[in-house]
Amino acid sequence: MYASGNVGLALILTAIAGLSTGIGSAIAYFIKKPRVIYLSFSLGFSAGVMIYISFMELLPTALESVEEVWGVTAFFVGIIFIGLIDMIIPEAENPHHYEGISEVQGDETLKRTGLFTALAIGIHNFPEGLAAFGAALSDVKLGMIIALAIAIHNIPEGISVSMPIFYATGDKNKAFIYSFLSGIAEPIGAIIGYLLLMPFLSETLLASLLAFIAGIMVYISVDEILPMAHRYGHGHAVILGIVLGMFIMALSLLIL
């Protein structure tokens with residue numbers, strides 16, 4: 001189940017997923033008002049992919065290798081883990097409570113908003129990095145799908161960091177750098193997770209990790225991605241994205 005040769009690729013996939021926040025920064029530079037319907041759709045698509053994978057691939061795969069009670073326990077431990085991280089972050093600075101910028105509020109306020117958003121996103125990205133990395137260790141194809149889903153929903157997070165900093169400072173480079181740095185938490189999470197788990201890696205541990213990852217994915221999708229998607233005001237686009245994301249993942253799992 002575990003292949004040591006997957007470690008390098010798993011790290012690369014995790015880095016790509018995390019650093020996609022930089023794409024959001026780049027979009028923010030060139031598009032003053034992005035078509036929010038596209039953002040709503042892409043976030044819904046990301047949530048659909050992550051929810052479907054969690055319940056149709058990650059959790060069932062885990063339950064094939066460990067006892068059902070242990071697998072289900074690992075699933076809910078994953079939910080509790082990411083939930084506790086969520087509770088640590090004040091609601092005002094939490095990225096999925098981010099309302100966007102409708103007017104210039106004053107330089108220092110905007111700059112502080114951007115910096116705290118970058119910090120909050122960095123904290124959230126840490127377990128996401130572990131999720132993508134752990135999945136890729138077990139199954140490269142699965143890791144690629146999860147990394148893509150995470151990358152999609154990291155793009156608007158990059159916008160949420162760069163826009164307030166850009167409005168506050170007028171410095172596009174500074175806005176890009178802070179947004180880019182917030183994504184580094186994902187490969188860091190992967191590396192730390194690997195170093196901690198490496199001495200104990202086994203089929204049972206990896207199966208439990210998949211269930212744990214499924215819990216993280218479901219929580220992130222329901223508590224972060226979907227509320228953010230609906231906040232843009234295009235509910236039908238969100239639903240379409242969710243269904244299409246699930247449908248494409250279902251086809252890929254059937255074909256591959």
# chains A, B, ... in the order shown; residues from 1 in each chain; ligands from 1
>>> residues_around(residues="segment 72-87 of chain A", least_positions_apart="2", cutoff="7 Å", atoms="only C-alpha atoms", output="JSON, numbers by chain")
{"A": [68, 69, 70, 89, 208, 211, 212, 213, 214, 215, 216, 219]}
>>> atom_distance(atom1="atom CA of Leu244 of chain A", atom2="atom CA of Phe55 of chain A")
16.2 Å
>>> closest_residue(among="A:Ile225, A:Leu130, A:Ala250, A:Ile150", to="Gly18 of chain A", atoms="only C-alpha atoms")
A:Ile150
>>> residues_around(residues="segment 62-65 of chain A", least_positions_apart="5", cutoff="6 Å", atoms="only C-alpha atoms", output="list in words")
Gly71, Ala207, Leu210 and Ala211 of chain A
>>> closest_residue(among="A:Ala185, A:Met228, A:Ile16, A:Leu59", to="Phe126 of chain A", atoms="only C-alpha atoms")
A:Ala185
>>> residues_around(residues="Ile12 of chain A", least_positions_apart="2", cutoff="12 Å", atoms="only C-alpha atoms", output="ChimeraX atom specification")
/A:6-10,14-19,129,132-133,136-137,140,143-144,147,184,186-188,190-191
>>> atom_distance(atom1="atom CA of Phe30 of chain A", atom2="atom CA of Ser42 of chain A")
18.9 Å
>>> atom_distance(atom1="atom CA of Met198 of chain A", atom2="atom CA of Ile146 of chain A")
21.2 Å
